[in-house]
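The structure appears right after this line, and notes come after that.
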Amino acid sequence: MSNLLYQVEDRPPVLTTFLLAAQHMLAALGGIIAVPLVVGAALKLPADQIITLVNAALLGSGIVTLIQCKGVGPVGIRLPCVMGTSFAFVGAAISVGLEHGVPGILGSSLVGSVVMIVGSCFMPQIRKLFPHAVTGVVVTMIGLSLVPVAVDWAAGGFAPGAVYGAPRNLGIAVFVLATVIMLVQFGKGIFSAAAVVIGMFVGYLLCVSLGMIDFTRVSNAQVFALPQPLHYGMTFPVAGIVAMGVAFLVTMVETTGTFMALGAATNTKMRGKTLARGILCDGVGSAFAALLSSPPVSTFAQNVGVISLTGVASRHVVALTGVMLLLAGLFPVLGAIVVTIPQPVLGGAGLMMFAMIISAGVQLLSKVENTKRNGIIMAVSIGCGLAVTVRHELLSQLPAFVKEIFGHGITVGALVAVTLNLVLPERPVEPDDDEEEEGVPQAFLAQEREAA
């Protein structure tokens, strides 16, 4: 029996669709804007150049989100996916940019995206590496890796002038979290489905009353700005292409895990061909984003938490989110308004959304047969993934190439789980006499072989 309020192909009423789409946009916008801001600051770009990067990132994210949700031929997974600039590329982008500038970043991204485009051809084979135990680990690690982000938001973040862990910040985050919980648990219809956006709106009003909102950025923002393709030009340094290629390889592993989590959230069976369409869209979308002068894009895991929390799996809702992101890129003043949302408000809602991904992963793991082999796979892979998530300095003495690959908890957890699943031998289950007579072990072993 489905626990979804709206299925993948459902079309909610117009007002409901708008609120639900805005909910996804609010969950993603901070991450989309953060990457160009971080890269621009690291490269010491002037303010107008950073604004151009932000607008391009919003525009690229919106267009690729539309393609991912609606599909264009073989491109697009046709599920509710929000696309955005990913922190997985930040390290490579800064290292390339410091030597070759923004043109080097964009040129390396354009060529490096070929890794994902080619990799999409092998997704049916890669899908076989993700039986239930591995999938459950990856989904759980996605949630565990995102929770620290929500905690930092709730505490107020690390921006200049922010007081990390201030009681007021924590109080606002708890207030938003409690509001979302009450709406999800006791709300009906739109109040339950749009719990996140309503909770954030109430929290935003509270912050306005406390004088925490600075509208300076809104008053200074342009009302309308045309996209500027190839604004910075492009160069193609070999070292930069290699660095970006590695980043795309890492992102492909993470995105595969995100798609598996999305399948669990939307009650969709993730076949190899389905994954191939999604990965292809990530690759083609990143190449297109580079032409728009935007950093690469990838599927946002945090929006899977929105689906798990609200039960709204309509791809048409998220397609409207793509339109909103596109408009935010064309009308910078809209994005400037959303950016005024204080981090504690995002943290209260984000903690709930990301924890829901953990819950989905735990539910997947609970369906895995309780054997010593599966226990080792789950324990070791989650442990290794958490090691680099909570202790980023763990790899500080290793070469940059190693840190690029193993610097993300989701990637480490996935790679360890896949490796252990391949190398640990299958041990036959010793059946009870009664079970053997009923043929239960044979059926179970056949199911396990099919999953593997």
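Ligands are numbered from 1 in the order shown, residues from 1 within each chain, and chains are lettered A, B, ... in the order they appear in the structure tokens.
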
Which residues, written as a list in words, have at least one atom at most 8 Å from Val318 (chain A), with only C-alpha atoms counted and residues fewer than 6 positions away on the same chain left out? Ala21, His24, Thr65, Leu66, Cys69, Pro80, Cys81 and Val82 of chain A

With the cut-off set at 9 Å and counting only C-alpha atoms, tabulate each residue of region 307-333 of chain A with an atom at most that distance from an atom of region 193-214 of chain A, showing the nearest atom pair and its distance in Å to one decimal, ordered by chain and increasing number, as CSV.
```
residue,atom,partner,partner_atom,distance
A:Leu309,CA,A:Ala193,CA,8.3
A:Thr310,CA,A:Ala193,CA,4.8
A:Gly311,CA,A:Ala193,CA,6.9
A:Val312,CA,A:Ala193,CA,6.7
```

Please dump the current selection as a PDB file, in the first residue's frame; keep N, CA and C atoms.
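Output below, filename part_25.pdb:
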```pdb
ATOM      1  N   LEU A 309       9.284  13.359   3.644  1.00  0.00           N
ATOM      2  CA  LEU A 309       8.565  14.005   4.736  1.00  0.00           C
ATOM      3  C   LEU A 309       7.120  14.305   4.376  1.00  0.00           C
ATOM      4  N   THR A 310       6.893  14.806   3.163  1.00  0.00           N
ATOM      5  CA  THR A 310       5.563  15.293   2.786  1.00  0.00           C
ATOM      6  C   THR A 310       4.715  14.270   2.038  1.00  0.00           C
ATOM      7  N   GLY A 311       5.343  13.243   1.463  1.00  0.00           N
ATOM      8  CA  GLY A 311       4.590  12.265   0.678  1.00  0.00           C
ATOM      9  C   GLY A 311       4.177  12.779  -0.682  1.00  0.00           C
ATOM     10  N   VAL A 312       4.802  13.856  -1.153  1.00  0.00           N
ATOM     11  CA  VAL A 312       4.482  14.439  -2.463  1.00  0.00           C
ATOM     12  C   VAL A 312       5.586  14.038  -3.442  1.00  0.00           C
TER      13      VAL A 312
END
```

Can you list, as a list of chain:residue names, every protein, DNA or RNA residue that comes within 9 Å of Thr17 (chain A) when you count only C-alpha atoms, leaving out same-chain residues fewer than 4 positions away? A:Arg11, A:Pro12, A:Pro13, A:Ala21, A:Ala22, A:His316, A:Val317, A:Val318, A:Leu320

Quick check for you: according to DSSP on this backbone, which residues of region 130-378 of chain A are classed as strand (DSSP E or B)? Reply as an MDAnalysis selection string. chainID A and resid 297:299 312

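For the choices A:Ser308, A:Ser108, A:Asn3, A:Thr266, the atom-to-atom distance to Ile94 (chain A) is smallest for A:Ser108 when using only C-alpha atoms.
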
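When only C-alpha atoms are used to measure the gap to Gly84 (chain A), the shortest distance among A:Val297, A:Ala173, A:Ile117, A:Met234 belongs to A:Val297.
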